[in-house]
file upload_29.cif (mmCIF, C-alpha atoms and all ligand atoms)
data_my_file
#
loop_
_atom_site.label_atom_id
_atom_site.label_comp_id
_atom_site.auth_asym_id
_atom_site.auth_seq_id
_atom_site.Cartn_x
_atom_site.Cartn_y
_atom_site.Cartn_z
CA MET X 1 0.00 0.00 0.00
CA ILE X 2 2.63 2.51 1.05
CA ARG X 3 4.90 1.45 -1.81
CA GLU X 4 2.16 2.19 -4.27
CA ALA X 5 1.87 5.69 -2.76
CA LEU X 6 5.64 6.13 -2.66
CA LYS X 7 6.21 5.09 -6.22
CA GLY X 8 3.05 6.65 -7.61
CA GLY X 9 1.74 4.06 -9.97
CA LYS X 10 -1.74 2.78 -10.50
CA GLY X 11 -4.55 5.22 -9.89
CA GLU X 12 -2.27 8.25 -9.77
CA VAL X 13 -3.96 11.56 -10.50
CA ILE X 14 -1.33 14.24 -10.02
CA LYS X 15 1.31 14.61 -12.70
CA ASN X 16 3.12 17.66 -11.34
CA PRO X 17 2.28 19.00 -7.85
CA LYS X 18 4.57 21.99 -8.38
CA VAL X 19 1.89 23.51 -10.61
CA PHE X 20 -0.32 23.94 -7.55
CA ILE X 21 2.37 24.90 -5.09
CA ASP X 22 4.43 27.28 -7.21
CA PRO X 23 2.30 28.03 -10.26
CA LEU X 24 4.55 30.84 -11.46
CA SER X 25 7.24 28.28 -12.19
CA VAL X 26 4.89 26.82 -14.81
CA PHE X 27 2.55 29.58 -16.02
CA THR X 28 4.05 31.58 -18.86
CA GLU X 29 1.04 33.85 -19.06
CA ILE X 30 -1.77 34.80 -16.72
CA PRO X 31 -5.24 34.36 -18.16
CA PHE X 32 -7.70 37.26 -17.79
CA ARG X 33 -5.04 39.61 -16.51
CA GLU X 34 -3.29 40.30 -19.82
CA ASP X 35 -4.41 43.95 -20.01
CA VAL X 36 -3.09 45.05 -16.64
CA ILE X 37 0.16 43.19 -17.29
CA ARG X 38 0.65 44.87 -20.66
CA GLU X 39 -0.16 48.32 -19.32
CA THR X 40 2.18 47.88 -16.37
CA ALA X 41 4.93 46.65 -18.68
CA ILE X 42 4.60 49.81 -20.75
CA ALA X 43 4.76 51.99 -17.63
CA VAL X 44 7.87 50.10 -16.54
CA ARG X 45 9.47 50.65 -19.94
CA TYR X 46 8.80 54.42 -19.81
CA PHE X 47 10.27 54.44 -16.31
CA VAL X 48 13.42 52.55 -17.26
CA LYS X 49 14.05 54.11 -20.66
CA ASN X 50 12.37 57.51 -20.51
CA GLU X 51 12.67 58.59 -16.88
CA VAL X 52 8.90 58.69 -16.31
CA LYS X 53 8.06 57.59 -12.79
CA PHE X 54 4.79 55.80 -12.14
CA SER X 55 2.66 54.54 -9.32
CA ASN X 56 -0.26 52.17 -9.41
CA LEU X 57 -2.74 50.84 -6.93
CA PHE X 58 -4.03 47.31 -7.54
CA LEU X 59 -7.35 46.82 -5.81
CA GLY X 60 -9.43 43.68 -5.53
CA LEU X 61 -10.82 41.04 -3.26
CA THR X 62 -8.79 38.09 -2.12
CA GLY X 63 -7.78 35.53 -4.75
CA THR X 64 -8.26 37.83 -7.74
CA GLY X 65 -4.65 37.46 -8.88
CA LYS X 66 -3.09 40.70 -7.62
CA THR X 67 -0.04 39.17 -5.95
CA PHE X 68 0.21 36.61 -8.72
CA VAL X 69 0.38 39.35 -11.35
CA VAL X 70 2.89 41.39 -9.39
CA LYS X 71 5.21 38.44 -8.86
CA TYR X 72 4.90 37.55 -12.52
CA ILE X 73 5.91 41.09 -13.53
CA TYR X 74 8.77 41.02 -11.02
CA ASN X 75 10.11 37.76 -12.46
CA GLU X 76 9.75 38.95 -16.04
CA ILE X 77 11.70 42.14 -15.26
CA GLU X 78 14.50 40.04 -13.76
CA GLU X 79 14.56 38.01 -16.98
CA VAL X 80 14.61 41.12 -19.18
CA LYS X 81 17.61 42.39 -17.21
CA LYS X 82 19.60 39.59 -18.82
CA GLU X 83 18.59 40.73 -22.29
CA ASP X 84 18.40 44.52 -22.08
CA GLU X 85 21.32 46.51 -20.69
CA GLU X 86 19.12 49.46 -19.70
CA TYR X 87 17.33 47.27 -17.18
CA SER X 88 20.55 46.51 -15.31
CA LYS X 89 20.08 49.64 -13.17
CA VAL X 90 16.67 48.46 -11.95
CA ARG X 91 16.37 47.31 -8.34
CA GLN X 92 13.15 45.58 -7.32
CA VAL X 93 11.76 45.26 -3.83
CA TYR X 94 8.67 43.22 -3.00
CA LEU X 95 7.32 43.31 0.51
CA ASN X 96 4.12 42.45 2.28
CA SER X 97 3.30 45.33 4.62
CA ARG X 98 1.37 43.17 7.06
CA GLU X 99 4.02 40.48 7.26
CA VAL X 100 6.77 42.96 8.11
CA GLY X 101 4.67 44.43 10.92
CA GLY X 102 2.62 47.07 9.12
CA THR X 103 4.12 50.15 10.78
CA PRO X 104 5.70 53.00 8.77
CA GLN X 105 8.96 52.27 10.59
CA ALA X 106 8.90 48.57 9.66
CA VAL X 107 7.98 49.15 6.02
CA LEU X 108 10.58 51.87 5.41
CA SER X 109 13.34 50.00 7.20
CA VAL X 110 12.70 46.84 5.16
CA ILE X 111 12.73 48.84 1.91
CA ALA X 112 15.97 50.53 2.95
CA GLU X 113 17.45 47.20 3.95
CA LYS X 114 16.55 45.49 0.69
CA LEU X 115 17.76 48.38 -1.45
CA THR X 116 21.03 48.88 0.40
CA ASN X 117 21.68 45.18 0.96
CA SER X 118 22.70 45.96 4.49
CA ILE X 119 21.21 45.66 7.93
CA VAL X 120 19.18 48.73 8.84
CA PRO X 121 18.03 49.39 12.41
CA ARG X 122 14.29 48.92 12.90
CA HIS X 123 14.06 51.33 15.81
CA GLY X 124 15.52 54.62 16.93
CA VAL X 125 15.79 56.03 13.41
CA ASN X 126 13.32 58.62 12.25
CA LEU X 127 11.37 58.05 9.07
CA GLY X 128 13.13 60.85 7.19
CA GLU X 129 16.49 59.18 7.76
CA TYR X 130 15.28 55.99 6.10
CA VAL X 131 14.15 57.99 3.09
CA GLU X 132 17.53 59.73 2.94
CA LYS X 133 19.25 56.36 3.10
CA ILE X 134 17.09 55.08 0.26
CA LYS X 135 17.80 58.18 -1.81
CA GLY X 136 21.50 57.76 -1.10
CA VAL X 137 21.72 54.32 -2.69
CA MET X 138 19.42 55.23 -5.53
CA ARG X 139 21.88 57.46 -7.34
CA GLY X 140 22.16 56.17 -10.90
CA LYS X 141 19.65 53.41 -10.16
CA LYS X 142 15.91 52.94 -10.49
CA ALA X 143 13.74 51.19 -7.97
CA ILE X 144 10.41 49.47 -8.42
CA ILE X 145 8.79 48.87 -5.05
CA TYR X 146 5.86 46.49 -4.70
CA LEU X 147 3.91 47.06 -1.49
CA ASP X 148 1.52 44.18 -0.90
CA GLU X 149 -1.35 44.51 1.61
CA VAL X 150 -0.63 48.23 1.70
CA ASP X 151 -3.96 48.77 3.52
CA THR X 152 -2.34 47.57 6.74
CA LEU X 153 0.27 50.32 6.38
CA VAL X 154 -2.17 53.02 5.33
CA LYS X 155 -4.42 52.36 8.32
CA ARG X 156 -1.53 52.97 10.73
CA ARG X 157 -0.90 56.48 11.90
CA GLY X 158 1.51 58.13 9.47
CA GLY X 159 1.24 55.19 7.08
CA ASP X 160 0.00 57.18 4.12
CA ILE X 161 2.80 59.71 4.65
CA VAL X 162 5.30 56.92 3.97
CA LEU X 163 3.72 56.53 0.55
CA TYR X 164 3.86 60.26 0.04
CA GLN X 165 7.56 60.33 0.88
CA LEU X 166 8.31 57.48 -1.48
CA LEU X 167 6.23 58.87 -4.32
CA ARG X 168 7.56 62.39 -3.94
CA ALA X 169 11.18 61.49 -3.11
CA ASP X 170 13.75 63.13 -5.31
CA ALA X 171 14.83 59.73 -6.64
CA ASP X 172 13.85 57.29 -9.37
CA ILE X 173 11.31 55.28 -7.45
CA SER X 174 8.12 53.78 -8.87
CA VAL X 175 5.63 52.04 -6.66
CA ILE X 176 2.97 49.39 -7.18
CA MET X 177 0.64 49.03 -4.23
CA ILE X 178 -1.76 46.17 -3.61
CA SER X 179 -4.80 46.24 -1.38
CA ASN X 180 -7.55 43.78 -0.52
CA ASP X 181 -9.51 46.62 1.01
CA ILE X 182 -11.05 48.35 -1.95
CA ASN X 183 -11.77 51.45 0.13
CA VAL X 184 -8.15 51.97 1.08
CA ARG X 185 -8.10 55.42 -0.53
CA ASP X 186 -10.55 56.65 2.10
CA TYR X 187 -7.72 56.33 4.62
CA MET X 188 -5.38 58.59 2.68
CA GLU X 189 -4.88 62.32 3.04
CA PRO X 190 -5.69 64.47 -0.02
CA ARG X 191 -2.04 65.29 -0.71
CA VAL X 192 -1.19 61.59 -0.72
CA LEU X 193 -4.11 60.84 -3.00
CA SER X 194 -3.05 63.51 -5.43
CA SER X 195 0.42 62.03 -5.84
CA LEU X 196 -0.98 58.56 -6.31
CA GLY X 197 -1.30 57.13 -9.80
CA PRO X 198 -4.31 55.30 -11.20
CA SER X 199 -6.08 52.42 -9.52
CA VAL X 200 -6.60 49.13 -11.29
CA ILE X 201 -9.56 47.08 -10.17
CA PHE X 202 -9.11 43.31 -10.23
CA LYS X 203 -12.65 42.11 -10.76
CA PRO X 204 -13.60 38.80 -9.18
CA TYR X 205 -13.44 35.95 -11.68
CA ASP X 206 -16.78 34.53 -12.78
CA ALA X 207 -17.49 30.81 -12.92
CA ILE X 208 -16.57 30.56 -16.60
CA GLN X 209 -13.22 32.28 -16.07
CA LEU X 210 -12.49 30.14 -13.02
CA LYS X 211 -13.22 27.04 -15.02
CA GLU X 212 -10.76 28.10 -17.67
CA ILE X 213 -8.13 28.81 -15.01
CA LEU X 214 -8.77 25.41 -13.45
CA ALA X 215 -8.47 23.76 -16.86
CA LYS X 216 -4.94 25.17 -17.13
CA TYR X 217 -3.95 23.79 -13.72
CA ALA X 218 -5.48 20.45 -14.65
CA GLU X 219 -3.69 20.40 -17.98
CA TYR X 220 -0.29 21.18 -16.42
CA GLY X 221 -0.68 19.37 -13.14
CA LEU X 222 -2.99 16.39 -13.55
CA ILE X 223 -2.83 13.21 -15.55
CA GLY X 224 -5.17 13.24 -18.56
CA GLY X 225 -8.35 11.24 -18.05
CA THR X 226 -8.40 11.66 -14.26
CA TYR X 227 -10.88 14.54 -14.34
CA ASP X 228 -13.67 15.74 -16.54
CA ASP X 229 -15.31 18.96 -17.55
CA GLU X 230 -18.11 18.52 -15.09
CA ILE X 231 -15.81 18.34 -12.05
CA LEU X 232 -14.01 21.53 -13.11
CA SER X 233 -17.36 23.30 -13.59
CA TYR X 234 -18.48 22.13 -10.17
CA ILE X 235 -15.38 23.54 -8.43
CA ALA X 236 -15.57 26.75 -10.47
CA ALA X 237 -19.23 27.29 -9.57
CA ILE X 238 -18.57 26.82 -5.86
CA SER X 239 -15.59 29.18 -5.88
CA ALA X 240 -17.47 31.82 -7.84
CA ARG X 241 -20.35 31.81 -5.40
CA GLU X 242 -18.75 33.84 -2.59
CA HIS X 243 -16.57 36.01 -4.81
CA GLY X 244 -14.49 34.68 -7.69
CA ASP X 245 -11.61 33.47 -5.59
CA ALA X 246 -9.05 31.65 -7.75
CA ARG X 247 -7.02 30.61 -4.72
CA LYS X 248 -9.98 28.70 -3.35
CA ALA X 249 -10.69 27.08 -6.73
CA VAL X 250 -7.09 25.98 -7.23
CA ASN X 251 -6.80 24.68 -3.65
CA LEU X 252 -10.02 22.70 -3.99
CA LEU X 253 -8.86 21.08 -7.22
CA PHE X 254 -5.48 20.19 -5.72
CA ARG X 255 -6.99 18.77 -2.54
CA ALA X 256 -9.65 16.81 -4.44
CA ALA X 257 -6.88 15.40 -6.65
CA GLN X 258 -4.93 14.34 -3.57
CA LEU X 259 -8.01 12.65 -2.13
CA ALA X 260 -8.55 10.83 -5.42
CA SER X 261 -4.94 9.70 -5.48
CA GLY X 262 -4.80 5.93 -5.89
CA ILE X 263 -8.37 5.89 -7.19
CA GLY X 264 -7.54 7.37 -10.55
CA PHE X 265 -10.46 9.72 -11.02
CA ILE X 266 -11.65 12.87 -9.23
CA ARG X 267 -15.26 12.50 -8.20
CA LYS X 268 -17.76 14.95 -6.73
CA GLU X 269 -17.37 13.34 -3.29
CA HIS X 270 -13.65 14.21 -3.32
CA VAL X 271 -14.50 17.82 -4.04
CA ASP X 272 -17.15 17.87 -1.30
CA LYS X 273 -14.66 16.53 1.21
CA ALA X 274 -12.09 19.08 0.05
CA ILE X 275 -14.67 21.85 0.61
CA VAL X 276 -15.33 20.76 4.20
CA GLU X 277 -11.59 20.66 4.90
CA TYR X 278 -11.09 24.03 3.26
CA GLU X 279 -13.79 25.70 5.33
CA GLN X 280 -12.40 24.20 8.50
CA GLU X 281 -8.88 25.32 7.64
CA ARG X 282 -10.16 28.82 6.98
CA LEU X 283 -11.93 28.92 10.31
CA LEU X 284 -8.77 27.89 12.13
CA GLU X 285 -6.74 30.50 10.23
CA ALA X 286 -9.30 33.14 11.19
CA ILE X 287 -8.97 32.13 14.84
CA LYS X 288 -5.19 32.38 14.74
CA SER X 289 -5.35 35.93 13.45
CA LEU X 290 -7.75 37.19 16.14
CA PRO X 291 -6.53 39.86 18.58
CA PHE X 292 -5.33 38.57 21.96
CA HIS X 293 -8.44 39.25 24.07
CA TYR X 294 -10.67 37.82 21.35
CA LYS X 295 -8.71 34.60 21.65
CA LEU X 296 -9.12 34.58 25.43
CA ALA X 297 -12.80 35.33 25.04
CA LEU X 298 -13.24 32.52 22.53
CA ARG X 299 -11.30 30.16 24.78
CA ALA X 300 -13.82 30.87 27.52
CA ILE X 301 -16.80 30.65 25.18
CA VAL X 302 -15.89 27.18 23.91
CA VAL X 303 -16.19 25.78 27.42
CA SER X 304 -19.42 27.52 28.35
CA ASP X 305 -22.97 27.51 27.10
CA ASP X 306 -24.00 31.07 27.63
CA VAL X 307 -22.38 34.50 27.51
CA VAL X 308 -22.66 35.30 31.22
CA THR X 309 -20.82 32.14 32.23
CA ALA X 310 -18.30 32.70 29.43
CA HIS X 311 -17.49 36.14 30.80
CA LYS X 312 -16.92 34.69 34.29
CA ILE X 313 -14.56 32.06 32.91
CA TYR X 314 -12.83 34.67 30.77
CA THR X 315 -12.31 36.94 33.79
CA LYS X 316 -10.84 34.08 35.76
CA LEU X 317 -8.55 33.14 32.92
CA CYS X 318 -7.38 36.77 32.69
CA ASP X 319 -6.68 36.85 36.42
CA LYS X 320 -4.57 33.75 36.18
CA LEU X 321 -2.68 35.18 33.25
CA ARG X 322 -2.30 38.52 35.03
CA GLN X 323 -4.21 40.31 32.27
CA LYS X 324 -6.75 43.04 32.89
CA PRO X 325 -10.12 41.58 31.88
CA LEU X 326 -12.48 43.54 29.67
CA SER X 327 -15.88 44.59 31.04
CA TYR X 328 -18.94 42.44 30.40
CA ARG X 329 -20.18 45.00 27.92
CA ARG X 330 -17.01 44.95 25.86
CA PHE X 331 -16.87 41.16 26.15
CA SER X 332 -20.40 40.98 24.85
CA ASP X 333 -19.38 43.13 21.85
CA ILE X 334 -16.55 40.71 21.13
CA VAL X 335 -19.00 37.82 21.28
CA SER X 336 -21.18 39.58 18.70
CA GLU X 337 -18.14 40.18 16.48
CA LEU X 338 -17.12 36.53 16.70
CA ASP X 339 -20.64 35.69 15.61
CA MET X 340 -20.35 38.11 12.71
CA PHE X 341 -17.07 36.51 11.61
CA GLY X 342 -18.91 33.16 11.59
CA ILE X 343 -16.62 31.69 14.25
CA ILE X 344 -19.43 31.13 16.75
CA LYS X 345 -23.19 31.22 16.61
CA ILE X 346 -25.26 33.15 19.13
CA LYS X 347 -28.70 31.85 19.95
CA ILE X 348 -30.97 34.11 21.91
CA MET X 349 -33.52 32.29 24.03
CA ASN X 350 -36.37 33.82 25.85
CA ARG X 351 -36.69 31.94 29.09
CA GLY X 352 -40.16 33.07 29.98
CA ARG X 353 -41.26 35.97 32.08
CA ALA X 354 -39.07 35.20 35.05
CA GLY X 355 -35.94 34.14 33.21
CA GLY X 356 -35.53 37.01 30.79
CA ILE X 357 -33.32 36.66 27.77
CA LYS X 358 -30.29 34.44 27.75
CA LYS X 359 -27.62 34.39 25.06
CA TYR X 360 -26.35 30.92 24.24
CA VAL X 361 -23.29 30.24 22.14
CA GLU X 362 -22.62 27.40 19.75
CA VAL X 363 -19.20 26.49 18.44
CA GLN X 364 -18.57 23.96 15.72
CA ASP X 365 -15.52 21.71 15.97
CA ARG X 366 -15.11 22.62 19.62
CA ASP X 367 -12.13 20.31 20.19
CA LYS X 368 -10.26 21.59 17.16
CA VAL X 369 -10.89 25.20 18.16
CA ILE X 370 -9.61 24.51 21.69
CA LYS X 371 -6.51 22.82 20.33
CA VAL X 372 -5.67 25.66 17.96
CA LEU X 373 -6.33 28.30 20.61
CA ASP X 374 -4.22 26.55 23.22
CA GLU X 375 -1.30 26.05 20.85
CA ASN X 376 -1.56 29.59 19.65
CA LEU X 377 -1.94 31.25 23.05
CA ASN X 378 0.83 29.12 24.41
CA GLU X 379 3.11 30.33 21.66
CA GLU X 380 2.07 33.90 22.23
CA MET X 381 2.42 33.84 26.02
CA GLY X 382 5.02 31.23 26.78
CA TYR X 383 4.63 28.83 29.68
CA GLY X 384 2.24 30.92 31.80
CA TYR X 385 -0.68 30.10 29.57
CA GLU X 386 -0.40 26.34 29.82
CA ASP X 387 -0.49 26.46 33.62
CA ALA X 388 -3.45 28.82 33.74
CA SER X 389 -5.56 26.92 31.25
CA LEU X 390 -5.11 23.46 32.69
CA ASP X 391 -8.50 23.46 34.36
CA ASP X 392 -10.14 25.34 31.48
CA GLY X 393 -10.39 28.35 33.73
CA LYS X 394 -13.63 26.98 35.13
CA GLU X 395 -14.59 27.93 38.61
CA GLY X 396 -13.37 25.37 41.07
N1 LIG K 401 -5.47 34.48 -13.66
C1 LIG K 401 -4.98 33.47 -12.94
N2 LIG K 401 -4.47 32.39 -13.54
C2 LIG K 401 -3.99 31.35 -12.82
N3 LIG K 401 -3.99 31.32 -11.50
C3 LIG K 401 -4.47 32.37 -10.84
C4 LIG K 401 -4.98 33.50 -11.53
N4 LIG K 401 -5.40 34.39 -10.61
C5 LIG K 401 -5.15 33.85 -9.41
N5 LIG K 401 -4.59 32.63 -9.53
C6 LIG K 401 -4.26 31.69 -8.47
O1 LIG K 401 -4.85 32.14 -7.27
C7 LIG K 401 -3.87 32.31 -6.26
C8 LIG K 401 -4.21 33.51 -5.44
O2 LIG K 401 -4.02 34.69 -6.18
P1 LIG K 401 -3.29 35.95 -5.55
O3 LIG K 401 -2.32 35.54 -4.50
O4 LIG K 401 -2.76 36.77 -6.65
O5 LIG K 401 -4.50 36.64 -4.86
P2 LIG K 401 -4.59 38.15 -4.41
O6 LIG K 401 -5.52 38.84 -5.35
O7 LIG K 401 -3.23 38.72 -4.24
O8 LIG K 401 -5.33 38.00 -3.05
P3 LIG K 401 -4.67 37.99 -1.60
O9 LIG K 401 -4.50 39.41 -1.27
O10 LIG K 401 -5.65 37.27 -0.78
O11 LIG K 401 -3.36 37.27 -1.72
C9 LIG K 401 -2.55 32.39 -6.98
O12 LIG K 401 -1.51 31.87 -6.20
C10 LIG K 401 -2.79 31.55 -8.19
O13 LIG K 401 -2.57 30.19 -7.87
#

call {"tool": "encode", "arguments": {"input": "upload_29.cif", "output": "structure tokens", "more": "lines below"}}
Ligand SMILES: Nc1ncnc2c1ncn2[C@@H]1O[C@H](COP(=O)(O)OP(=O)(O)OP(=O)(O)O)[C@@H](O)[C@H]1O
result
Amino acid sequence: MIREALKGGKGEVIKNPKVFIDPLSVFTEIPFREDVIRETAIAVRYFVKNEVKFSNLFLGLTGTGKTFVVKYIYNEIEEVKKEDEEYSKVRQVYLNSREVGGTPQAVLSVIAEKLTNSIVPRHGVNLGEYVEKIKGVMRGKKAIIYLDEVDTLVKRRGGDIVLYQLLRADADISVIMISNDINVRDYMEPRVLSSLGPSVIFKPYDAIQLKEILAKYAEYGLIGGTYDDEILSYIAAISAREHGDARKAVNLLFRAAQLASGIGFIRKEHVDKAIVEYEQERLLEAIKSLPFHYKLALRAIVVSDDVVTAHKIYTKLCDKLRQKPLSYRRFSDIVSELDMFGIIKIKIMNRGRAGGIKKYVEVQDRDKVIKVLDENLNEEMGYGYEDASLDDGKEG
């Protein structure tokens, strides 16, 4: 049995898993995004050959290909450097604002670090000094800076000013910004907005487009005859339902193919199982990215039935962890938010004239949620958490 799996023989479905894991190593063009790629390429050419700076803002919901397009352009520019001498002076920096910490300090220091190829202090340097440092190394060079998830930077105090400084710096710097929040411009000051170039909207893919995208992945990554048109349409339709999220579609196809491995054909039941797993995975990811007190609140909620008890348990947990607990009112707001995120479900029950209204909470996959929370809080807090949570914070 294991040898079959190790060798990959009979019933194999996946021809090349790399297609799903690192699609840019396989895709030579990006379907449905040709226009934005061509227009950006022209702007880059004017920048490199005719000294015309540019800035762009790529806006669109998750999974619409923004990062994919940017990384594709980045790679292509690196390739062109080998063929066109004028491109040799181009320096490219890609960074995800959220992943580096999201603050103006963090973003500017990482840009300075990447452009100067040296270690730059993250603290104790004022923002202007970073910009000076960047300008210093830029003499005779041209930089293209890609700022992914720029909304996290812009929402920080002084974040939009960083953009202003980069866009207005007396240096050859062009910037492509990416945001999942399509209202990111509302967070920018007028002077920042006026130095910003055009926005490009990445429209969600529709089911037909998603199907075509999936067909490419299937063609490159799967063995012929292990899937049919119907299965691709099914995955495309499901992924188009929320908003045309290509990441979801591609992940579902890959997971379904893995589940069908050894069987030789992807069936609807494999896709359905992949969907359940995907939703669960997403829920756990959402939990991991919650703010600290939301995690503590959720930890208390999963071991209680109603909100009043949950708040008591939460308060006790906070005491043990030497954290100041939030008031019942604030706690109750958090509970409502968790319900809005779809992490828990609130049920309001009227317990008759004497009982009043009681808010009950329901959590799916309770054990999994507890496990993820405990691992995550433990990581965040060190040993103190494990000790405090041993008895689930319940009243003794
Ligand atoms: N036009 C496309 N052709 C092929 N694959 C695509 C296309 N658009 C998106 N994808 C696939 O979807 C994945 C997610 O896309 P991408 O990372 O660009 O999303 P995004 O718009 O940047 O959203 P997020 O901000 O959530 O990352 C890509 O890794 C790629 O596998």

call {"tool": "residues_near_ligand", "arguments": {"input": "upload_29.cif", "ligand": "ligand LIG 401 (chain K)", "cutoff": "9 Å", "atoms": "all atoms listed in the file", "output": "ChimeraX atom specification"}}
result
/X:19-24,27,29-34,58-71,148-149,178-180,202,204-205,209-210,212-214,216-217,245-251

call {"tool": "closest_residue", "arguments": {"input": "upload_29.cif", "among": "X:Tyr164, X:Tyr87, X:Tyr220, X:Phe47", "to": "Thr28 of chain X", "atoms": "only C-alpha atoms"}}
result
X:Tyr220

call {"tool": "residues_around", "arguments": {"input": "upload_29.cif", "residues": "Val120 of chain X", "least_positions_apart": "6", "cutoff": "10 Å", "atoms": "all atoms listed in the file", "output": "PyMOL selection string"}}
result
chain X and resi 108-114+130+133

call {"tool": "atom_distance", "arguments": {"input": "upload_29.cif", "atom1": "atom CA of Val52 of chain X", "atom2": "atom CA of Thr40 of chain X"}}
result
12.7 Å

call {"tool": "closest_residue", "arguments": {"input": "upload_29.cif", "among": "X:Gly221, X:Pro190, X:Lys82, X:Val200", "to": "Ser55 of chain X", "atoms": "only C-alpha atoms"}}
result
X:Val200

call {"tool": "atom_distance", "arguments": {"input": "upload_29.cif", "atom1": "atom CA of Asn378 of chain X", "atom2": "atom CA of Arg299 of chain X"}}
result
12.2 Å

call {"tool": "axis_aligned_box", "arguments": {"input": "upload_29.cif", "around": "segment 368-385 of chain X", "padding_each_side": "3 Å", "output": "JSON"}}
result
{"center_x": -2.9, "center_y": 27.7, "center_z": 24.5, "size_x": 21.9, "size_y": 18.3, "size_z": 20.6}

call {"tool": "atom_distance", "arguments": {"input": "upload_29.cif", "atom1": "atom CA of Ala300 of chain X", "atom2": "atom CA of Asn350 of chain X"}}
result
22.8 Å

call {"tool": "closest_residue", "arguments": {"input": "upload_29.cif", "among": "X:Thr103, X:Ile77, X:Asn16, X:Lys135", "to": "Val44 of chain X", "atoms": "only C-alpha atoms"}}
result
X:Ile77

call {"tool": "closest_residue", "arguments": {"input": "upload_29.cif", "among": "X:Arg38, X:Glu269, X:Ala215, X:Lys203", "to": "Gly244 of chain X", "atoms": "all atoms listed in the file"}}
result
X:Lys203

call {"tool": "closest_residue", "arguments": {"input": "upload_29.cif", "among": "X:Ala171, X:Ile343, X:Met188, X:Leu377", "to": "Gly159 of chain X", "atoms": "all atoms listed in the file"}}
result
X:Met188

call {"tool": "closest_residue", "arguments": {"input": "upload_29.cif", "among": "X:Tyr187, X:Tyr72, X:Tyr385, X:Tyr234", "to": "Asp319 of chain X", "atoms": "only C-alpha atoms"}}
result
X:Tyr385

call {"tool": "residues_around", "arguments": {"input": "upload_29.cif", "residues": "Ala310 of chain X", "least_positions_apart": "6", "cutoff": "12 Å", "atoms": "only C-alpha atoms", "output": "list of chain:residue names"}}
result
X:Leu296, X:Ala297, X:Leu298, X:Arg299, X:Ala300, X:Ile301, X:Val302, X:Val303, X:Ser304, X:Lys316, X:Leu317, X:Tyr328, X:Phe331, X:Ser332, X:Ile334, X:Val335, X:Lys359, X:Tyr360, X:Val361, X:Glu362, X:Asp392, X:Gly393, X:Lys394, X:Glu395

call {"tool": "residues_around", "arguments": {"input": "upload_29.cif", "residues": "segment 140-146 of chain X", "least_positions_apart": "3", "cutoff": "6 Å", "atoms": "all atoms listed in the file", "output": "list in words"}}
result
Lys89, Val90, Arg91, Gln92, Val93, Tyr94, Asp172, Ile173, Ser174, Val175, Ile176 and Met177 of chain X

call {"tool": "decode", "arguments": {"input": "upload_29.cif", "residues": "segment 22-37 of chain X", "atoms": "C-alpha atoms", "output": "compact mmCIF listing (two decimals), in the first residue's frame"}}
result
# COMPACT_ATOMS: atom_id res chain seq x y z
CA ASP X 22 4.43 27.28 -7.21
CA PRO X 23 2.30 28.03 -10.26
CA LEU X 24 4.55 30.84 -11.46
CA SER X 25 7.24 28.28 -12.19
CA VAL X 26 4.89 26.82 -14.81
CA PHE X 27 2.55 29.58 -16.02
CA THR X 28 4.05 31.58 -18.86
CA GLU X 29 1.04 33.85 -19.06
CA ILE X 30 -1.77 34.80 -16.72
CA PRO X 31 -5.24 34.36 -18.16
CA PHE X 32 -7.70 37.26 -17.79
CA ARG X 33 -5.04 39.61 -16.51
CA GLU X 34 -3.29 40.30 -19.82
CA ASP X 35 -4.41 43.95 -20.01
CA VAL X 36 -3.09 45.05 -16.64
CA ILE X 37 0.16 43.19 -17.29
